[in-house]
Each structure stands twice: as C-alpha cells, then as structure tokens.
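The file input-v3.cif contains mmCIF, C-alpha atoms:
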```cif
data_run
loop_
_atom_site.label_atom_id
_atom_site.label_comp_id
_atom_site.auth_asym_id
_atom_site.auth_seq_id
_atom_site.Cartn_x
_atom_site.Cartn_y
_atom_site.Cartn_z
CA MET I 1381 0.00 0.00 0.00
CA HIS I 1382 1.24 3.51 -0.84
CA PRO I 1383 2.37 5.27 2.35
CA PHE I 1384 -0.02 8.17 1.70
CA ALA I 1385 -3.02 6.03 0.74
CA LEU I 1386 -4.72 6.49 4.11
CA ILE I 1387 -4.02 10.23 4.22
CA PRO I 1388 -4.37 11.33 0.55
CA TRP I 1389 -4.11 15.05 1.32
CA LEU I 1390 -0.51 14.46 2.43
CA ASP I 1391 0.41 12.89 -0.91
CA PRO I 1392 2.94 15.22 -2.64
CA LYS I 1393 1.26 14.58 -6.00
CA THR I 1394 -2.03 15.82 -4.54
CA ILE I 1395 -0.27 18.86 -3.13
CA ILE I 1396 1.41 19.57 -6.49
CA ASN I 1397 -1.87 19.29 -8.38
CA ALA I 1398 -3.45 21.73 -5.93
CA ALA I 1399 -0.46 24.10 -5.99
CA GLY I 1400 -0.14 24.24 -9.78
CA PRO I 1401 1.69 27.39 -10.92
CA TRP I 1402 2.06 28.50 -7.29
CA ALA I 1403 4.88 25.98 -6.92
CA LEU I 1404 6.80 27.96 -9.53
CA VAL I 1405 5.97 31.20 -7.71
CA VAL I 1406 7.65 29.80 -4.59
CA VAL I 1407 10.77 28.83 -6.56
CA CYS I 1408 10.94 32.27 -8.17
CA PHE I 1409 10.55 33.99 -4.80
CA ILE I 1410 13.41 31.96 -3.34
CA VAL I 1411 15.62 32.88 -6.32
CA PHE I 1412 14.61 36.54 -5.95
CA ALA I 1413 15.31 36.53 -2.21
CA GLU I 1414 18.76 35.00 -2.63
CA THR I 1415 19.99 38.01 -4.59
CA GLY I 1416 17.49 40.69 -3.55
CA LEU I 1417 17.53 40.37 0.22
CA LEU I 1418 20.57 40.36 2.49
CA VAL I 1419 19.31 37.24 4.30
CA GLY I 1420 19.00 35.35 1.01
CA PHE I 1421 22.42 33.73 1.33
CA LEU I 1422 20.77 31.13 3.58
CA LEU I 1423 18.83 29.76 0.59
CA PRO I 1424 19.93 26.87 -1.71
CA GLY I 1425 20.02 28.54 -5.13
CA ASP I 1426 22.04 26.26 -7.42
CA THR I 1427 20.46 23.01 -6.24
CA LEU I 1428 17.00 24.52 -6.49
CA LEU I 1429 17.51 25.53 -10.14
CA ILE I 1430 18.75 22.08 -11.17
CA MET I 1431 15.80 20.50 -9.35
CA ALA I 1432 13.38 22.88 -11.08
CA GLY I 1433 14.76 21.74 -14.44
CA LEU I 1434 14.51 18.06 -13.52
CA LEU I 1435 10.89 18.47 -12.46
CA SER I 1436 10.02 20.28 -15.70
CA ASN I 1437 10.32 17.01 -17.62
CA PRO I 1438 6.82 16.00 -18.82
CA VAL I 1439 7.61 12.38 -17.97
CA THR I 1440 7.54 13.27 -14.27
CA HIS I 1441 4.17 14.97 -14.33
CA ALA I 1442 2.32 15.22 -17.66
CA PRO I 1443 1.92 17.26 -19.74
CA ASN I 1444 4.52 19.92 -18.80
CA GLY I 1445 6.17 18.69 -15.65
CA VAL I 1446 5.48 19.63 -12.03
CA PHE I 1447 4.95 23.35 -12.71
CA GLY I 1448 2.43 22.82 -15.50
CA VAL I 1449 4.25 25.08 -17.98
CA ASN I 1450 6.94 24.53 -20.61
CA VAL I 1451 10.53 24.36 -19.33
CA TRP I 1452 11.44 27.43 -21.40
CA VAL I 1453 8.80 29.42 -19.54
CA VAL I 1454 10.07 28.05 -16.23
CA GLY I 1455 13.64 29.03 -17.11
CA LEU I 1456 12.66 32.52 -18.27
CA LEU I 1457 10.59 33.21 -15.15
CA ILE I 1458 13.39 32.02 -12.88
CA GLY I 1459 15.89 34.13 -14.85
CA LEU I 1460 13.57 37.13 -14.51
CA ALA I 1461 13.28 36.56 -10.75
CA ALA I 1462 17.09 36.44 -10.52
CA PHE I 1463 17.42 39.69 -12.50
CA VAL I 1464 14.78 41.54 -10.46
CA GLY I 1465 16.37 40.29 -7.25
CA GLY I 1466 19.73 41.67 -8.37
CA GLU I 1467 18.17 45.03 -9.19
CA VAL I 1468 16.45 45.23 -5.81
CA GLY I 1469 19.70 44.32 -4.04
CA TYR I 1470 21.49 47.11 -5.94
CA LEU I 1471 18.78 49.64 -5.01
CA ILE I 1472 18.97 48.64 -1.35
CA GLY I 1473 22.69 49.38 -1.39
CA ARG I 1474 22.33 52.53 -3.50
CA LYS I 1475 19.59 54.10 -1.37
CA GLY I 1476 20.79 52.79 1.97
CA GLY I 1477 24.47 53.63 1.49
CA PRO I 1478 27.11 52.50 4.03
CA ALA I 1479 24.41 52.41 6.72
CA VAL I 1480 23.30 49.08 5.22
CA PHE I 1481 26.40 47.53 6.79
CA GLU I 1482 25.85 49.09 10.23
CA ARG I 1483 24.57 46.16 12.22
CA LYS I 1484 25.40 43.57 14.82
CA GLU I 1485 27.11 40.37 13.78
CA SER I 1486 24.63 37.50 13.67
CA GLY I 1487 23.61 34.44 11.72
CA LEU I 1488 22.00 36.81 9.22
CA PHE I 1489 24.89 39.26 8.82
CA SER I 1490 28.65 38.95 8.97
CA ARG I 1491 31.17 41.63 8.09
CA SER I 1492 33.47 38.90 6.78
CA ASN I 1493 30.87 38.07 4.11
CA VAL I 1494 30.96 41.65 2.87
CA GLU I 1495 34.78 41.62 2.90
CA ARG I 1496 34.78 38.38 0.92
CA THR I 1497 32.48 39.97 -1.66
CA ASN I 1498 34.67 43.08 -1.84
CA ALA I 1499 37.70 40.86 -2.47
CA PHE I 1500 35.92 39.43 -5.53
CA PHE I 1501 35.27 42.92 -6.91
CA GLU I 1502 38.86 43.96 -6.30
CA ARG I 1503 40.09 40.90 -8.19
CA TYR I 1504 37.58 40.61 -11.04
CA GLY I 1505 36.10 44.10 -11.30
CA GLY I 1506 32.52 44.61 -12.46
CA VAL I 1507 32.42 41.12 -13.98
CA THR I 1508 32.01 39.94 -10.39
CA VAL I 1509 28.29 40.67 -10.81
CA ILE I 1510 28.18 37.80 -13.34
CA LEU I 1511 30.62 35.46 -11.61
CA ALA I 1512 28.97 35.96 -8.21
CA ARG I 1513 25.88 34.14 -9.43
CA PHE I 1514 27.78 30.89 -9.08
CA VAL I 1515 29.31 31.66 -5.66
CA PRO I 1516 27.06 31.23 -2.60
CA ILE I 1517 27.02 34.20 -0.19
CA VAL I 1518 28.86 36.40 -2.72
CA ARG I 1519 25.82 36.38 -5.02
CA THR I 1520 23.75 37.77 -2.14
CA PHE I 1521 26.11 40.56 -1.12
CA ALA I 1522 27.44 41.56 -4.58
CA PRO I 1523 24.36 43.58 -5.63
CA VAL I 1524 24.33 45.48 -2.34
CA ALA I 1525 28.08 46.13 -2.43
CA ALA I 1526 27.75 47.43 -6.00
CA GLY I 1527 24.91 49.72 -4.96
CA VAL I 1528 26.68 51.09 -1.90
CA GLY I 1529 29.81 51.75 -3.99
CA LYS I 1530 27.61 53.45 -6.61
CA MET I 1531 28.73 51.27 -9.51
CA SER I 1532 27.30 52.64 -12.76
CA TRP I 1533 23.70 51.41 -12.86
CA HIS I 1534 23.74 50.81 -16.63
CA LYS I 1535 26.89 48.72 -16.39
CA TYR I 1536 25.63 46.87 -13.33
CA SER I 1537 22.26 46.08 -14.91
CA LEU I 1538 23.90 44.72 -18.07
CA TYR I 1539 26.10 42.38 -16.02
CA ASN I 1540 23.13 41.52 -13.80
CA LEU I 1541 21.07 40.56 -16.86
CA ILE I 1542 23.85 38.40 -18.30
CA GLY I 1543 24.39 36.68 -14.94
CA ALA I 1544 20.67 36.09 -14.43
CA ILE I 1545 20.33 34.47 -17.87
CA ILE I 1546 23.41 32.26 -17.53
CA TRP I 1547 22.63 31.24 -13.95
CA GLY I 1548 18.84 31.31 -13.60
CA PHE I 1549 17.81 30.24 -17.09
CA GLY I 1550 20.95 28.22 -17.83
CA LEU I 1551 21.01 25.98 -14.75
CA THR I 1552 17.29 25.32 -15.07
CA VAL I 1553 17.70 24.15 -18.66
CA ILE I 1554 20.74 22.06 -17.68
CA GLY I 1555 18.59 20.32 -15.07
CA TYR I 1556 15.97 19.65 -17.74
CA LEU I 1557 18.56 18.25 -20.16
CA VAL I 1558 19.83 15.93 -17.41
CA SER I 1559 16.28 14.64 -17.03
CA LEU I 1560 16.33 13.64 -20.73
CA ILE I 1561 19.17 11.16 -20.16
CA PRO I 1562 17.67 7.68 -20.69
CA GLY I 1563 16.34 6.38 -17.40
CA VAL I 1564 16.65 9.64 -15.45
CA GLY I 1565 13.20 10.99 -16.34
CA GLU I 1566 11.60 7.62 -15.62
CA PHE I 1567 13.42 7.42 -12.27
CA VAL I 1568 12.21 10.88 -11.28
CA ALA I 1569 8.66 9.98 -12.34
CA GLU I 1570 8.74 6.76 -10.31
CA TYR I 1571 10.08 8.37 -7.14
CA ILE I 1572 8.70 11.89 -7.48
CA ASP I 1573 6.99 11.67 -4.07
CA VAL I 1574 10.26 10.87 -2.32
CA ILE I 1575 12.24 13.40 -4.38
CA LEU I 1576 9.85 16.24 -3.54
CA LEU I 1577 9.78 15.40 0.14
CA VAL I 1578 13.58 15.21 0.22
CA ALA I 1579 13.80 18.52 -1.69
CA VAL I 1580 11.55 20.31 0.80
CA ALA I 1581 13.17 18.73 3.85
CA GLY I 1582 16.64 19.32 2.39
CA THR I 1583 15.87 23.00 1.84
CA ILE I 1584 14.73 23.43 5.43
CA VAL I 1585 17.77 21.56 6.79
CA PHE I 1586 20.10 23.61 4.54
CA ILE I 1587 18.68 26.91 5.77
CA VAL I 1588 18.82 25.92 9.43
CA TRP I 1589 22.33 24.46 9.12
CA HIS I 1590 23.63 27.50 7.24
CA TYR I 1591 22.12 29.88 9.80
CA PHE I 1592 23.73 28.15 12.77
CA ALA I 1593 27.02 27.74 10.86
CA GLU I 1594 27.06 31.51 10.40
CA LYS I 1595 26.25 31.98 14.09
CA ARG I 1596 29.20 29.77 15.04
CA LYS I 1597 31.50 31.67 12.68
CA VAL I 1598 30.43 34.97 14.20
CA ARG I 1599 31.06 33.69 17.73
CA ARG I 1600 34.57 32.60 16.74
CA GLU I 1601 35.28 35.99 15.16
CA MET I 1602 34.00 37.86 18.22
CA ALA I 1603 36.09 35.66 20.50
CA ALA I 1604 39.13 36.75 18.50
CA GLY I 1605 38.67 40.36 19.55
CA PRO I 1606 36.08 42.38 17.49
CA ASP I 1607 33.16 43.87 19.42
CA GLY I 1608 30.67 42.27 17.04
CA VAL I 1609 29.10 45.53 15.87
CA THR I 1610 29.88 47.32 12.62
CA ASP I 1611 29.60 51.03 13.40
CA ALA I 1612 29.40 53.96 10.96
CA ALA I 1613 33.17 54.32 10.60
CA GLU I 1614 33.67 50.60 10.01
CA ALA I 1615 30.77 50.52 7.55
CA GLN I 1616 32.40 53.32 5.57
CA GLU I 1617 35.55 51.22 5.31
CA LEU I 1618 33.51 48.51 3.56
CA VAL I 1619 32.49 50.85 0.72
CA LEU I 1620 34.25 49.98 -2.53
CA GLU I 1621 36.00 52.63 -4.63
CA ARG I 1622 35.02 53.11 -8.28
CA GLU I 1623 38.24 51.42 -9.41
CA ALA I 1624 36.98 48.13 -7.93
CA PHE I 1625 34.26 48.13 -10.59
CA GLY I 1626 36.68 48.97 -13.39
CA GLU I 1627 35.47 52.59 -13.50
CA ARG I 1628 37.41 55.86 -13.23
CA PRO I 1629 36.94 57.91 -10.05
CA ASP I 1630 35.93 60.94 -12.11
CA ASP I 1631 33.23 59.07 -14.06
CA GLU I 1632 29.85 60.69 -13.64
CA ARG I 1633 27.67 58.73 -11.27
CA PRO I 1634 24.26 58.49 -12.94
CA THR I 1635 21.36 59.24 -10.66
CA ARG I 1636 18.50 56.82 -10.45
#
```

As a first step, turn the structure in this file into structure tokens.
Amino acid sequence: MHPFALIPWLDPKTIINAAGPWALVVVCFIVFAETGLLVGFLLPGDTLLIMAGLLSNPVTHAPNGVFGVNVWVVGLLIGLAAFVGGEVGYLIGRKGGPAVFERKESGLFSRSNVERTNAFFERYGGVTVILARFVPIVRTFAPVAAGVGKMSWHKYSLYNLIGAIIWGFGLTVIGYLVSLIPGVGEFVAEYIDVILLVAVAGTIVFIVWHYFAEKRKVRREMAAGPDGVTDAAEAQELVLEREAFGERPDDERPTR
C-alpha cells in the first residue's frame, strides 16, 4: 500500500496538483530573495535551479512537468526573478548607502561576508556581478556592495542581466537536459513523491544548518577580539571605490 493512501491530502502529488503554478511562484521567490535580500544567502540557489529543471520534464508529471508550464517558460521566469532580485539588491545598497552595513554580527549578517564579496570585486572588477551568481554568499552581497559603492547602474544592470540568464535560465535548462538522459526521467517519475519530500526537507535543513554555521563563525570571530558591531566608521571602510568596478573615479555617477 502507498504510504499516503490512508491520508491522501498528504500525498505530494495531490499537493502539487493543488499548488499548480504556485509551486513555480515559490521557486521564483526563493531565487529573488537569494539576490534581492541580504538574508537570502541562507537559501539553496544552485540546487534549487537544477531541481526545477529536472521536475520540468513532462515524464515526471504530464503534460509539462510539475509546474504545468513549458521548461522554457520556467527558465525565463526564474531568470527574470534572478534579474529583479539583483536590481532590488542594488537599489537597497544605493539608497541605503554604508548604513546598510551598520549592524550587529549575527547568523543573518557577517562583516566577513561583505569583505569576501569586496575581495571578488577587487580581483575581477565589475564582472564579479556575473561570476557571483555561481558563488554562494557572494551572489547575495554583490548587488548590495555594487549599490553602496555606486557602480554605474547601466553597467551593473547589463552584467546583472547576463548573470541572471546564464545562472537562472541556464542551470534550469541544464537540469531539464539531465532529465532527458535515458532512465533519469523515468526514475524521477517513479520516485517523485520521495524526491519532492527530500527537496523540501533538504531545503529546510540547509537553511537551518547554514544559519547556525554563520552563528558559530560569528562567535569565533568575536572571541578573536572584534566587538561584534559594525559602526558607521567601520561601515564606511567597507564601501568599494570606483576602481573596484573597473570605472574611473571621475566618471559621472548616474542618478536613479
């Protein structure tokens, strides 16, 4: 007997049928939050995109996969969510300025994460906006760091668009192509209940584990000497110069 036979409303397939397109809305929100909100680094972006592609195979859930729409639509919507998230992150940094970094060290914020992101910009310049998409934590803080440092919006948005397409759309399609390998689609269809439950549980475990891992890291850093609070002067030190984005100091900063 199927484990959910006695409680059909707990059957993932029943939940999926009821959720319909809303399942895709949840995925898009997670992708948006990972690059649009400073707490988004706790979310599992790369794995989620591959999973979204796998579940877009019509073999798993006819006629268009779990989300009920063509994989190209799924990929485009996820890419759009990634782009909008990047724009929101940039605006948060642009409007908030250095004050965005003025906060207490916690599982949701760590000065070392900002410094790690700054190191990427100093090494790779503005292209970091594209590369950061594939680096957890950095992809969350890069938009904000670019906004605080007043990187040219037009240049940032171009790189943000390219990164969103390559990462959001690209990884989703890669997941779909993997599902076309003989046997993979059939395996996913056969064990879709288990896969979905593991995906949901795995996401929750990942978020909780990452949060407490950050908390432990912060405690170690505070034990080493820092007071655990980034004040105004320290926040100003985290602001990148124009050269870090590959721009001249005297370039006009476009208003937005």

Fill in: Surrounding residues of Trp1547 of chain I excluding itself and chain neighbours under 5 positions, 12 Å, all atoms listed in the file, as a PyMOL selection string
chain I and resi 1411+1415+1425-1430+1455-1456+1458-1463+1509-1515+1519+1539-1542+1552-1555

Fill in: Residues selected by the PyMOL selection byres ((chain I and resi 1614-1629) around 10), written as a ChimeraX atom specification
/I:1477-1483,1491,1494-1495,1498-1509,1525-1532,1535-1536,1609-1613,1630-1633

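A straight line drawn from atom CA of Val1468 of chain I to atom CA of Gly1416 of chain I is 5.2 Å long.
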
Item to complete: Work out how far atom CA of Val1407 of chain I is from atom CA of Gly1476 of chain I, in Å to one decimal.
Response: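 About the pair atom CA of Gly1476 of chain I and atom CA of Val1407 of chain I: they are 27.3 Å apart.
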
Worksheet entry | Residue nearest Phe1549 of chain I - candidates I:Val1439, I:Val1524, I:Ala1432, I:Ile1561, atoms counted: only C-alpha atoms |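 Between I:Val1439, I:Val1524, I:Ala1432, I:Ile1561, the residue approaching Phe1549 of chain I most closely is I:Ala1432.
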
Worksheet entry | Closest of I:Tyr1556, I:Tyr1470, I:Phe1447, I:Trp1402 to Met1431 of chain I - atom-to-atom distances counting only C-alpha atoms | I:Tyr1556

Item to complete: Measure the distance from atom CA of Asn1493 of chain I to atom CA of Val1405 of chain I in Å and round it to one decimal.
Response: 28.4 Å

Worksheet item: With distances taken over all atoms listed in the file, which of I:Gly1473, I:Gly1466, I:Gly1543, I:Gly1548 is nearest to Thr1520 of chain I?
Response: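 Among the listed residues, the smallest separation from Thr1520 of chain I belongs to I:Gly1466.
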
Decode the PyMOL selection byres ((chain I and resi 1435) around 8) for the given file into explicit residues and return them as an mmCIF file with C-alpha atoms, keeping the file's coordinate frame.
```cif
data_model
loop_
_atom_site.group_PDB
_atom_site.id
_atom_site.type_symbol
_atom_site.label_atom_id
_atom_site.label_comp_id
_atom_site.auth_asym_id
_atom_site.auth_seq_id
_atom_site.Cartn_x
_atom_site.Cartn_y
_atom_site.Cartn_z
ATOM 1 C CA MET I 1431 15.800 20.500 -9.350
ATOM 2 C CA ALA I 1432 13.380 22.880 -11.080
ATOM 3 C CA GLY I 1433 14.760 21.740 -14.440
ATOM 4 C CA LEU I 1434 14.510 18.060 -13.520
ATOM 5 C CA SER I 1436 10.020 20.280 -15.700
ATOM 6 C CA ASN I 1437 10.320 17.010 -17.620
ATOM 7 C CA PRO I 1438 6.820 16.000 -18.820
ATOM 8 C CA THR I 1440 7.540 13.270 -14.270
ATOM 9 C CA HIS I 1441 4.170 14.970 -14.330
ATOM 10 C CA GLY I 1445 6.170 18.690 -15.650
ATOM 11 C CA VAL I 1446 5.480 19.630 -12.030
ATOM 12 C CA PHE I 1447 4.950 23.350 -12.710
ATOM 13 C CA TYR I 1556 15.970 19.650 -17.740
ATOM 14 C CA VAL I 1568 12.210 10.880 -11.280
#
```

Edge lengths and centre, in Å to one decimal, as lines of an AutoDock Vina configuration file: that's what I need for the box along x, y and z that holds all listed atoms of segment 1430-1446 of chain I plus 4 Å on each side.
```
center_x = 10.3
center_y = 17.6
center_z = -14.5
size_x = 24.8
size_y = 18.5
size_z = 18.4
```

Could I see segment 1508-1519 of chain I restored to all heavy atoms, set down as a compact mmCIF listing (two decimals), keeping the file's coordinate frame?
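Saved result, out.txt, follows:
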```txt
# COMPACT_ATOMS: atom_id res chain seq x y z
N THR I 1508 32.40 40.67 -11.60
CA THR I 1508 32.01 39.94 -10.39
C THR I 1508 30.50 39.77 -10.32
O THR I 1508 30.00 38.76 -9.82
CB THR I 1508 32.50 40.69 -9.13
OG1 THR I 1508 33.91 40.61 -9.08
CG2 THR I 1508 31.92 40.09 -7.86
N VAL I 1509 29.75 40.74 -10.84
CA VAL I 1509 28.29 40.67 -10.81
C VAL I 1509 27.81 39.41 -11.54
O VAL I 1509 26.82 38.79 -11.13
CB VAL I 1509 27.67 41.92 -11.45
CG1 VAL I 1509 26.15 41.82 -11.48
CG2 VAL I 1509 28.10 43.18 -10.69
N ILE I 1510 28.53 39.02 -12.59
CA ILE I 1510 28.18 37.80 -13.34
C ILE I 1510 28.70 36.57 -12.60
O ILE I 1510 27.96 35.61 -12.35
CB ILE I 1510 28.78 37.84 -14.76
CG1 ILE I 1510 28.21 39.02 -15.55
CG2 ILE I 1510 28.49 36.52 -15.49
CD1 ILE I 1510 28.83 39.20 -16.93
N LEU I 1511 29.99 36.60 -12.25
CA LEU I 1511 30.62 35.46 -11.61
C LEU I 1511 29.97 35.13 -10.27
O LEU I 1511 29.89 33.96 -9.88
CB LEU I 1511 32.11 35.73 -11.40
CG LEU I 1511 32.94 36.02 -12.67
CD1 LEU I 1511 34.38 36.31 -12.28
CD2 LEU I 1511 32.87 34.85 -13.63
N ALA I 1512 29.52 36.16 -9.55
CA ALA I 1512 28.97 35.96 -8.21
C ALA I 1512 27.74 35.05 -8.22
O ALA I 1512 27.42 34.42 -7.20
CB ALA I 1512 28.61 37.31 -7.59
N ARG I 1513 27.07 34.99 -9.34
CA ARG I 1513 25.88 34.14 -9.43
C ARG I 1513 26.18 32.69 -9.08
O ARG I 1513 25.31 31.96 -8.60
CB ARG I 1513 25.30 34.20 -10.85
CG ARG I 1513 24.67 35.52 -11.22
CD ARG I 1513 23.37 35.74 -10.48
NE ARG I 1513 22.73 36.98 -10.88
CZ ARG I 1513 21.54 37.37 -10.42
NH1 ARG I 1513 20.90 36.62 -9.55
NH2 ARG I 1513 21.02 38.52 -10.79
N PHE I 1514 27.41 32.28 -9.30
CA PHE I 1514 27.78 30.89 -9.08
C PHE I 1514 28.55 30.69 -7.76
O PHE I 1514 29.07 29.61 -7.52
CB PHE I 1514 28.63 30.39 -10.25
CG PHE I 1514 27.90 30.45 -11.57
CD1 PHE I 1514 27.96 31.60 -12.36
CD2 PHE I 1514 27.12 29.39 -12.00
CE1 PHE I 1514 27.27 31.67 -13.56
CE2 PHE I 1514 26.42 29.46 -13.19
CZ PHE I 1514 26.50 30.59 -13.98
N VAL I 1515 28.59 31.75 -6.93
CA VAL I 1515 29.31 31.66 -5.66
C VAL I 1515 28.35 31.98 -4.52
O VAL I 1515 27.96 33.14 -4.34
CB VAL I 1515 30.51 32.64 -5.63
CG1 VAL I 1515 31.30 32.44 -4.34
CG2 VAL I 1515 31.38 32.46 -6.85
N PRO I 1516 27.96 30.97 -3.74
CA PRO I 1516 27.06 31.23 -2.60
C PRO I 1516 27.61 32.32 -1.70
O PRO I 1516 28.82 32.50 -1.57
CB PRO I 1516 27.04 29.87 -1.87
CG PRO I 1516 27.31 28.87 -2.95
CD PRO I 1516 28.32 29.55 -3.85
N ILE I 1517 26.73 33.05 -1.06
CA ILE I 1517 27.02 34.20 -0.19
C ILE I 1517 27.43 35.42 -1.02
O ILE I 1517 26.82 36.48 -0.89
CB ILE I 1517 28.13 33.89 0.85
CG1 ILE I 1517 27.65 32.79 1.82
CG2 ILE I 1517 28.50 35.16 1.63
CD1 ILE I 1517 28.67 32.42 2.89
N VAL I 1518 28.42 35.26 -1.90
CA VAL I 1518 28.86 36.40 -2.72
C VAL I 1518 27.71 36.87 -3.61
O VAL I 1518 27.54 38.09 -3.81
CB VAL I 1518 30.09 36.04 -3.57
CG1 VAL I 1518 30.47 37.20 -4.49
CG2 VAL I 1518 31.26 35.68 -2.68
N ARG I 1519 26.92 35.95 -4.14
CA ARG I 1519 25.82 36.38 -5.02
C ARG I 1519 24.76 37.17 -4.27
O ARG I 1519 23.99 37.93 -4.87
CB ARG I 1519 25.19 35.19 -5.75
CG ARG I 1519 24.49 34.17 -4.90
CD ARG I 1519 23.67 33.21 -5.79
NE ARG I 1519 23.42 31.95 -5.10
CZ ARG I 1519 24.06 30.82 -5.37
NH1 ARG I 1519 24.98 30.79 -6.29
NH2 ARG I 1519 23.78 29.72 -4.69
```
